[in-house]
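So the structure is just underneath, and the comments pick up after that.
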Amino acid sequence: MAGHSQVPSSGLSWNGHERKVTACLRARTFGIAPPPGVDSVTGVKEKAISLLQELTEAHSVPGHEDEVRAIFVDELEECGTLSADRSGCVFCELEGEGPRVIIAGHMDEVGFLVQNITPDGFIQFLAVGGWWEHSLLSQRVEIRTRSGEKITGVVASKPPHFLPEAQRRQVMTIDQMFIDVGATSRLEVEQEFGISLGDPIAPLSPFTPMQREDWYMAKAFDNRVGMAGTIQAGKQLAGTLHSNKIILAGTVQEEVGLRGAKTAANFAKPDVAIILEGPPADDTPGFSRAESQGRLGGGVQIRLFDPSAIMNPRLADLAIRTAKEEGIPHQVTVRRSGGTDAGSFHLAGEGIPSVVLGVPARYIHSHNSIIDLNDYLHMVSLAVALARRLDDSTVKGLTRFL
Ligand SMILES: [Zn+2]
């Protein structure tokens, strides 16, 4: 951290907002263009690792995104003007004039809610977001109570000794499962532990560096890579001139149907949307290597299509051209399934040209997903380079149909 704190004010004065911008730089030097003499790649990378750890270990299931929202606010409050819509999406508007360009990631992760508490103190739960039951049994979870306390539990699984042969081969459904928090009665769960119906439950899984350099394992890379990317791209753009109005955004409730993006688009009224995501990788056994479009280490994904959105082809082309011209490794993706906040953004207002940039992550929607940090760094670079190119005439050109 020492060595990054001296930020020269020369060259940073623009639009008469030197004090505000340098304050942002002083407070957050690792995520932005650092002063001369500092290795910028290392600075951004160090910040990326600490930010991804903090974000992936946060508890932020749909409708309960408070912890990730607090990190967004803490990281960006000195870089621009903060606001929030009435569903909980949060925004940071940077100084600048011109078309409104939103860089958005969703703050929520797939999780659960307390659905019922049995008389003997076990917790029944339902899923918020898509889970495959195979990935659940014997995993640790954290229940966040109304007072903010986190109670650790485990999704209970019967020892094989008690399972008839036929049952061992079946997948258990979530409504048959329960969480054991170490209580012996409903009264204890409610009064001693403070757990109530509707409390959010998140996977419990520590951020872990892997043996291979730059590979990391954690829960919720979908979509904490998008959140970290929004924050770091925002810091880089806040430190430089750009010919548009950048709006950084964290949306809510993506995992239950791209809900927050609807109110976010109504609130922020962007002219263009760049969505940052953590989509599933397809480079593991069972996938054809020749058909892979989401390989770890293959670069930032530029998504042209999924069932939720056909991306504006001119914007998608600009993203691909920008990656090529800037030498940013990338992989172009056309997806048969899945969806992102672009599904809501591109239909808001009179239509908002949207594109999705992603960091492929193995095993998303489970307790342990894996990324290559270099793909993340390429996503941040492309988001910044693309945003810089979106000046007035370029943005108008995206929707010139007559
Ligand atoms: Zn997801």
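By order in the structure tokens, chains are A, B, ...; within a chain, residues start at 1; ligands start at 1, following the order shown.
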For this session: Would you mind listing what lies within 12 Å of region 183-194 of chain A as a ChimeraX atom specification, with only C-alpha atoms counted and same-chain residues fewer than 3 positions away left out?
Result: /A:114,116-124,143-154,179-180,197,199
Determine, for each residue of chain A having at least one atom at most 8 Å from an atom of ligand 1, the closest pair of atoms and their separation in Å to one decimal, counting only C-alpha atoms and all ligand atoms; order by chain and ascending number, as CSV.
```
residue,atom,partner,partner_atom_place_in_ligand_line,distance
A:Glu109,CA,ligand 1,1 (Zn),6.6
A:Val110,CA,ligand 1,1 (Zn),6.5
A:Gly129,CA,ligand 1,1 (Zn),7.4
A:Gly130,CA,ligand 1,1 (Zn),7.4
A:Asp222,CA,ligand 1,1 (Zn),5.2
A:Asn223,CA,ligand 1,1 (Zn),6.7
A:Glu254,CA,ligand 1,1 (Zn),7.6
A:Glu255,CA,ligand 1,1 (Zn),5.5
A:Gly278,CA,ligand 1,1 (Zn),7.3
A:Pro279,CA,ligand 1,1 (Zn),7.0
A:Ile364,CA,ligand 1,1 (Zn),6.9
A:His365,CA,ligand 1,1 (Zn),6.2
```
Print the selection's residues with N, CA and C atoms to a file, as a PDB file, in the first residue's frame.
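As a result, out-v4.pdb now contains:
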```pdb
ATOM      1  N   GLU A 109     -26.301 -12.674  -5.439  1.00  0.00           N
ATOM      2  CA  GLU A 109     -25.777 -14.012  -5.735  1.00  0.00           C
ATOM      3  C   GLU A 109     -26.914 -15.006  -5.486  1.00  0.00           C
ATOM      4  N   VAL A 110     -26.798 -16.194  -6.065  1.00  0.00           N
ATOM      5  CA  VAL A 110     -27.815 -17.204  -5.774  1.00  0.00           C
ATOM      6  C   VAL A 110     -27.703 -17.629  -4.306  1.00  0.00           C
ATOM      7  N   GLY A 129     -32.871 -17.994  -6.919  1.00  0.00           N
ATOM      8  CA  GLY A 129     -31.890 -18.179  -7.987  1.00  0.00           C
ATOM      9  C   GLY A 129     -31.739 -19.656  -8.289  1.00  0.00           C
ATOM     10  N   GLY A 130     -31.034 -19.966  -9.359  1.00  0.00           N
ATOM     11  CA  GLY A 130     -30.962 -21.339  -9.855  1.00  0.00           C
ATOM     12  C   GLY A 130     -29.903 -22.176  -9.158  1.00  0.00           C
ATOM     13  N   ASP A 222     -19.988 -15.191  -9.921  1.00  0.00           N
ATOM     14  CA  ASP A 222     -21.209 -14.676 -10.550  1.00  0.00           C
ATOM     15  C   ASP A 222     -21.992 -13.948  -9.465  1.00  0.00           C
ATOM     16  N   ASN A 223     -21.949 -12.668  -9.256  1.00  0.00           N
ATOM     17  CA  ASN A 223     -21.369 -11.742 -10.189  1.00  0.00           C
ATOM     18  C   ASN A 223     -20.430 -10.773  -9.503  1.00  0.00           C
ATOM     19  N   GLU A 254     -30.913  -9.776  -9.919  1.00  0.00           N
ATOM     20  CA  GLU A 254     -30.719 -10.321 -11.268  1.00  0.00           C
ATOM     21  C   GLU A 254     -31.033 -11.802 -11.304  1.00  0.00           C
ATOM     22  N   GLU A 255     -30.644 -12.500 -10.234  1.00  0.00           N
ATOM     23  CA  GLU A 255     -30.731 -13.973 -10.235  1.00  0.00           C
ATOM     24  C   GLU A 255     -32.166 -14.492 -10.165  1.00  0.00           C
ATOM     25  N   GLY A 278     -20.340 -12.604 -14.660  1.00  0.00           N
ATOM     26  CA  GLY A 278     -19.536 -13.802 -14.381  1.00  0.00           C
ATOM     27  C   GLY A 278     -20.248 -15.015 -14.939  1.00  0.00           C
ATOM     28  N   PRO A 279     -20.222 -15.223 -16.251  1.00  0.00           N
ATOM     29  CA  PRO A 279     -20.977 -16.314 -16.877  1.00  0.00           C
ATOM     30  C   PRO A 279     -20.257 -17.664 -16.750  1.00  0.00           C
ATOM     31  N   ILE A 364     -20.299 -22.025 -11.602  1.00  0.00           N
ATOM     32  CA  ILE A 364     -21.077 -20.966 -10.954  1.00  0.00           C
ATOM     33  C   ILE A 364     -22.367 -21.549 -10.389  1.00  0.00           C
ATOM     34  N   HIS A 365     -23.006 -20.799  -9.532  1.00  0.00           N
ATOM     35  CA  HIS A 365     -24.202 -21.239  -8.810  1.00  0.00           C
ATOM     36  C   HIS A 365     -23.884 -22.458  -7.936  1.00  0.00           C
TER      37      HIS A 365
END
```
Problem set entry | 9 Å contact set for Lys396 (chain A), only C-alpha atoms, chain neighbours under 5 positions out, as a PyMOL selection string | chain A and resi 99+271+391
Problem set entry | Distance query Asp74 (chain A) at most 12 Å, only C-alpha atoms, self and fewer than 2 positions along chain excluded, as an NGL selection string | :A and (24 or 27-28 or 51 or 67-72 or 76-80 or 82 or 90 or 92 or 231)
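For Val252 (chain A), the residues within 7 Å (counting only C-alpha atoms, excluding itself and residues fewer than 2 positions away along the chain) are Pro62, Gly63, Glu65, Gly88, Cys89, His106, Met107, Asp108, Gly250, Glu254 and Gly260 of chain A.
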Just write the chosen residues, N, CA and C atoms, as a CSV table (one decimal), in the first residue's frame.
```
chain,number,residue,atom,x,y,z
A,62,PRO,N,-30.5,-12.3,-3.4
A,62,PRO,CA,-31.5,-11.4,-4.1
A,62,PRO,C,-32.4,-10.7,-3.0
A,63,GLY,N,-32.6,-9.4,-3.2
A,63,GLY,CA,-33.4,-8.7,-2.3
A,63,GLY,C,-32.8,-8.3,-1.0
A,65,GLU,N,-29.2,-7.2,-0.7
A,65,GLU,CA,-27.8,-6.9,-1.2
A,65,GLU,C,-27.0,-5.9,-0.4
A,88,GLY,N,-33.3,-0.5,-4.6
A,88,GLY,CA,-32.1,-0.7,-4.0
A,88,GLY,C,-30.9,-0.8,-4.9
A,89,CYS,N,-31.1,-0.5,-6.2
A,89,CYS,CA,-29.9,-0.4,-7.1
A,89,CYS,C,-29.2,0.9,-6.8
A,106,HIS,N,-24.6,-6.9,-11.5
A,106,HIS,CA,-25.6,-7.2,-10.4
A,106,HIS,C,-24.9,-7.6,-9.1
A,107,MET,N,-25.5,-7.1,-8.0
A,107,MET,CA,-24.9,-7.2,-6.7
A,107,MET,C,-25.3,-8.5,-6.0
A,108,ASP,N,-26.3,-9.2,-6.5
A,108,ASP,CA,-26.8,-10.4,-5.8
A,108,ASP,C,-26.1,-11.6,-6.3
A,250,GLY,N,-24.7,-0.8,-9.5
A,250,GLY,CA,-24.9,-2.1,-8.9
A,250,GLY,C,-26.4,-2.4,-8.9
A,254,GLU,N,-30.9,-9.8,-9.9
A,254,GLU,CA,-30.7,-10.3,-11.3
A,254,GLU,C,-31.0,-11.8,-11.3
A,260,GLY,N,-33.9,-6.0,-10.9
A,260,GLY,CA,-33.4,-4.7,-10.5
A,260,GLY,C,-33.0,-3.8,-11.8
```
For this session: Find the residues near Ser381 (chain A): any atom within 8 Å, counting only C-alpha atoms, skip ones fewer than 4 places away on the same chain, and give them as a list in words.
Result: Ala233, Ile328, Leu377 and Ala385 of chain A
Would you mind exporting the chosen residues as a PDB file, in the first residue's frame, restricted to C-alpha atoms?
```pdb
ATOM      1  CA  ALA A 233     -13.324   0.443 -14.368  1.00  0.00           C
ATOM      2  CA  ILE A 328      -7.060  -7.327 -25.287  1.00  0.00           C
ATOM      3  CA  LEU A 377      -8.237  -7.836 -15.777  1.00  0.00           C
ATOM      4  CA  ALA A 385     -11.495   1.210 -23.526  1.00  0.00           C
TER       5      ALA A 385
END
```
For this session: Give me the residues within 9 Å of Tyr216 (chain A) as a ChimeraX atom specification, counting only C-alpha atoms and dropping any in the same chain fewer than 2 places off.
Result: /A:207-214,218,369-373
Selection export as a PDB file, in the first residue's frame, atoms kept: N, CA and C atoms:
```pdb
ATOM      1  N   PHE A 207     -12.643 -17.267   0.047  1.00  0.00           N
ATOM      2  CA  PHE A 207     -11.880 -16.932  -1.152  1.00  0.00           C
ATOM      3  C   PHE A 207     -10.505 -17.597  -1.035  1.00  0.00           C
ATOM      4  N   THR A 208     -10.117 -18.354  -2.058  1.00  0.00           N
ATOM      5  CA  THR A 208      -8.909 -19.183  -1.941  1.00  0.00           C
ATOM      6  C   THR A 208      -8.052 -19.118  -3.208  1.00  0.00           C
ATOM      7  N   PRO A 209      -6.776 -18.704  -3.073  1.00  0.00           N
ATOM      8  CA  PRO A 209      -5.878 -18.793  -4.230  1.00  0.00           C
ATOM      9  C   PRO A 209      -5.602 -20.255  -4.542  1.00  0.00           C
ATOM     10  N   MET A 210      -5.507 -20.594  -5.825  1.00  0.00           N
ATOM     11  CA  MET A 210      -5.234 -21.981  -6.201  1.00  0.00           C
ATOM     12  C   MET A 210      -3.749 -22.155  -6.491  1.00  0.00           C
ATOM     13  N   GLN A 211      -3.354 -23.387  -6.672  1.00  0.00           N
ATOM     14  CA  GLN A 211      -1.942 -23.671  -6.927  1.00  0.00           C
ATOM     15  C   GLN A 211      -1.458 -22.974  -8.193  1.00  0.00           C
ATOM     16  N   ARG A 212      -2.287 -22.970  -9.211  1.00  0.00           N
ATOM     17  CA  ARG A 212      -1.918 -22.312 -10.464  1.00  0.00           C
ATOM     18  C   ARG A 212      -1.978 -20.798 -10.269  1.00  0.00           C
ATOM     19  N   GLU A 213      -0.930 -20.102 -10.676  1.00  0.00           N
ATOM     20  CA  GLU A 213      -0.865 -18.662 -10.463  1.00  0.00           C
ATOM     21  C   GLU A 213      -2.053 -17.966 -11.121  1.00  0.00           C
ATOM     22  N   ASP A 214      -2.614 -17.031 -10.419  1.00  0.00           N
ATOM     23  CA  ASP A 214      -3.719 -16.188 -10.900  1.00  0.00           C
ATOM     24  C   ASP A 214      -5.062 -16.902 -10.981  1.00  0.00           C
ATOM     25  N   ALA A 218     -13.789 -19.336  -5.243  1.00  0.00           N
ATOM     26  CA  ALA A 218     -14.660 -18.643  -4.276  1.00  0.00           C
ATOM     27  C   ALA A 218     -16.101 -18.911  -4.655  1.00  0.00           C
ATOM     28  N   SER A 369     -16.614 -21.615  -7.189  1.00  0.00           N
ATOM     29  CA  SER A 369     -16.388 -21.352  -8.605  1.00  0.00           C
ATOM     30  C   SER A 369     -14.930 -20.937  -8.794  1.00  0.00           C
ATOM     31  N   ILE A 370     -14.445 -21.039 -10.024  1.00  0.00           N
ATOM     32  CA  ILE A 370     -13.015 -20.796 -10.287  1.00  0.00           C
ATOM     33  C   ILE A 370     -12.871 -19.826 -11.457  1.00  0.00           C
ATOM     34  N   ILE A 371     -11.997 -18.839 -11.289  1.00  0.00           N
ATOM     35  CA  ILE A 371     -11.686 -17.929 -12.414  1.00  0.00           C
ATOM     36  C   ILE A 371     -10.181 -17.837 -12.621  1.00  0.00           C
ATOM     37  N   ASP A 372      -9.819 -17.334 -13.796  1.00  0.00           N
ATOM     38  CA  ASP A 372      -8.450 -16.887 -14.072  1.00  0.00           C
ATOM     39  C   ASP A 372      -8.485 -15.371 -13.961  1.00  0.00           C
ATOM     40  N   LEU A 373      -7.713 -14.838 -13.028  1.00  0.00           N
ATOM     41  CA  LEU A 373      -7.740 -13.396 -12.767  1.00  0.00           C
ATOM     42  C   LEU A 373      -7.405 -12.575 -14.020  1.00  0.00           C
TER      43      LEU A 373
END
```
For this session: Give the strand (DSSP E) residues of region 193-245 of chain A, as assigned by DSSP on the backbone, as JSON, numbers by chain.
Result: {"A": [200, 201, 202, 203, 208, 209, 215, 216, 217, 218, 245]}
Would you output that residue set with N, CA and C atoms, as a PDB file, in the first residue's frame?
```pdb
ATOM      1  N   PRO A 200     -32.287 -14.123   4.873  1.00  0.00           N
ATOM      2  CA  PRO A 200     -31.476 -14.581   3.734  1.00  0.00           C
ATOM      3  C   PRO A 200     -30.377 -15.549   4.159  1.00  0.00           C
ATOM      4  N   ILE A 201     -30.105 -16.510   3.288  1.00  0.00           N
ATOM      5  CA  ILE A 201     -29.080 -17.533   3.542  1.00  0.00           C
ATOM      6  C   ILE A 201     -28.122 -17.527   2.350  1.00  0.00           C
ATOM      7  N   ALA A 202     -26.829 -17.438   2.632  1.00  0.00           N
ATOM      8  CA  ALA A 202     -25.826 -17.460   1.554  1.00  0.00           C
ATOM      9  C   ALA A 202     -24.878 -18.633   1.769  1.00  0.00           C
ATOM     10  N   PRO A 203     -24.271 -19.133   0.700  1.00  0.00           N
ATOM     11  CA  PRO A 203     -23.235 -20.159   0.856  1.00  0.00           C
ATOM     12  C   PRO A 203     -22.088 -19.597   1.703  1.00  0.00           C
ATOM     13  N   THR A 208     -10.117 -18.354  -2.058  1.00  0.00           N
ATOM     14  CA  THR A 208      -8.909 -19.183  -1.941  1.00  0.00           C
ATOM     15  C   THR A 208      -8.052 -19.118  -3.208  1.00  0.00           C
ATOM     16  N   PRO A 209      -6.776 -18.704  -3.073  1.00  0.00           N
ATOM     17  CA  PRO A 209      -5.878 -18.793  -4.230  1.00  0.00           C
ATOM     18  C   PRO A 209      -5.602 -20.255  -4.542  1.00  0.00           C
ATOM     19  N   TRP A 215      -5.153 -18.136 -10.541  1.00  0.00           N
ATOM     20  CA  TRP A 215      -6.460 -18.802 -10.478  1.00  0.00           C
ATOM     21  C   TRP A 215      -6.968 -18.736  -9.042  1.00  0.00           C
ATOM     22  N   TYR A 216      -8.254 -18.441  -8.927  1.00  0.00           N
ATOM     23  CA  TYR A 216      -8.861 -18.277  -7.606  1.00  0.00           C
ATOM     24  C   TYR A 216     -10.161 -19.058  -7.533  1.00  0.00           C
ATOM     25  N   MET A 217     -10.460 -19.526  -6.304  1.00  0.00           N
ATOM     26  CA  MET A 217     -11.705 -20.257  -6.060  1.00  0.00           C
ATOM     27  C   MET A 217     -12.496 -19.490  -4.999  1.00  0.00           C
ATOM     28  N   ALA A 218     -13.789 -19.336  -5.243  1.00  0.00           N
ATOM     29  CA  ALA A 218     -14.660 -18.643  -4.276  1.00  0.00           C
ATOM     30  C   ALA A 218     -16.101 -18.911  -4.655  1.00  0.00           C
ATOM     31  N   LYS A 245     -20.906  10.785 -20.132  1.00  0.00           N
ATOM     32  CA  LYS A 245     -21.290  10.779 -18.716  1.00  0.00           C
ATOM     33  C   LYS A 245     -21.332   9.312 -18.272  1.00  0.00           C
TER      34      LYS A 245
END
```
For this session: Enumerate the residues of region 79-271 of chain A with a DSSP assignment of alpha helix (DSSP H), computed from the backbone, and present them as number ranges by chain.
Result: A: 165-168, 186-187, 221-238, 260-268
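Of the residues listed (A:Thr399, A:Gln253, A:Ser308, A:Ser157), A:Gln253 shows the shortest atom-to-atom separation from Val128 (chain A); distances use only C-alpha atoms.
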Exercise. So, counting only C-alpha atoms, which residue among A:Leu276, A:Val359, A:Leu386, A:Ala281 is closest to Arg321 (chain A)?
Worked result: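 Result for the nearest residue to Arg321 (chain A): A:Leu386.
Distances from A:Gln331, A:Ser366, A:Thr263, A:Asn312 to Ser344 (chain A) were compared using only C-alpha atoms, and the smallest one belongs to A:Thr263.
Rounded to one decimal, CA of Leu204 (chain A) and CA of Ile103 (chain A) lie 28.4 Å from each other.
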Seminar exercise, completed: Using only C-alpha atoms, the shortest atom-to-atom distance to Val272 (chain A) among A:Gly343, A:Gly351, A:Pro206, A:Gly358 belongs to A:Gly351
Problem set entry | Nearest-residue call for Arg314 (chain A), choices A:Leu357, A:Leu163, A:Leu390, A:Leu296, using only C-alpha atoms |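 Of A:Leu357, A:Leu163, A:Leu390, A:Leu296, the one nearest Arg314 (chain A), counting only C-alpha atoms, is A:Leu390.
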For this session: Mind giving me the straight-line distance from CA of Thr322 (chain A) to CA of Tyr363 (chain A) in Å, one decimal?
Result: 29.2 Å
Seminar exercise, completed: In Å and to one decimal, CA of Asp392 (chain A) is distant from CA of Phe91 (chain A) by 21.6 Å
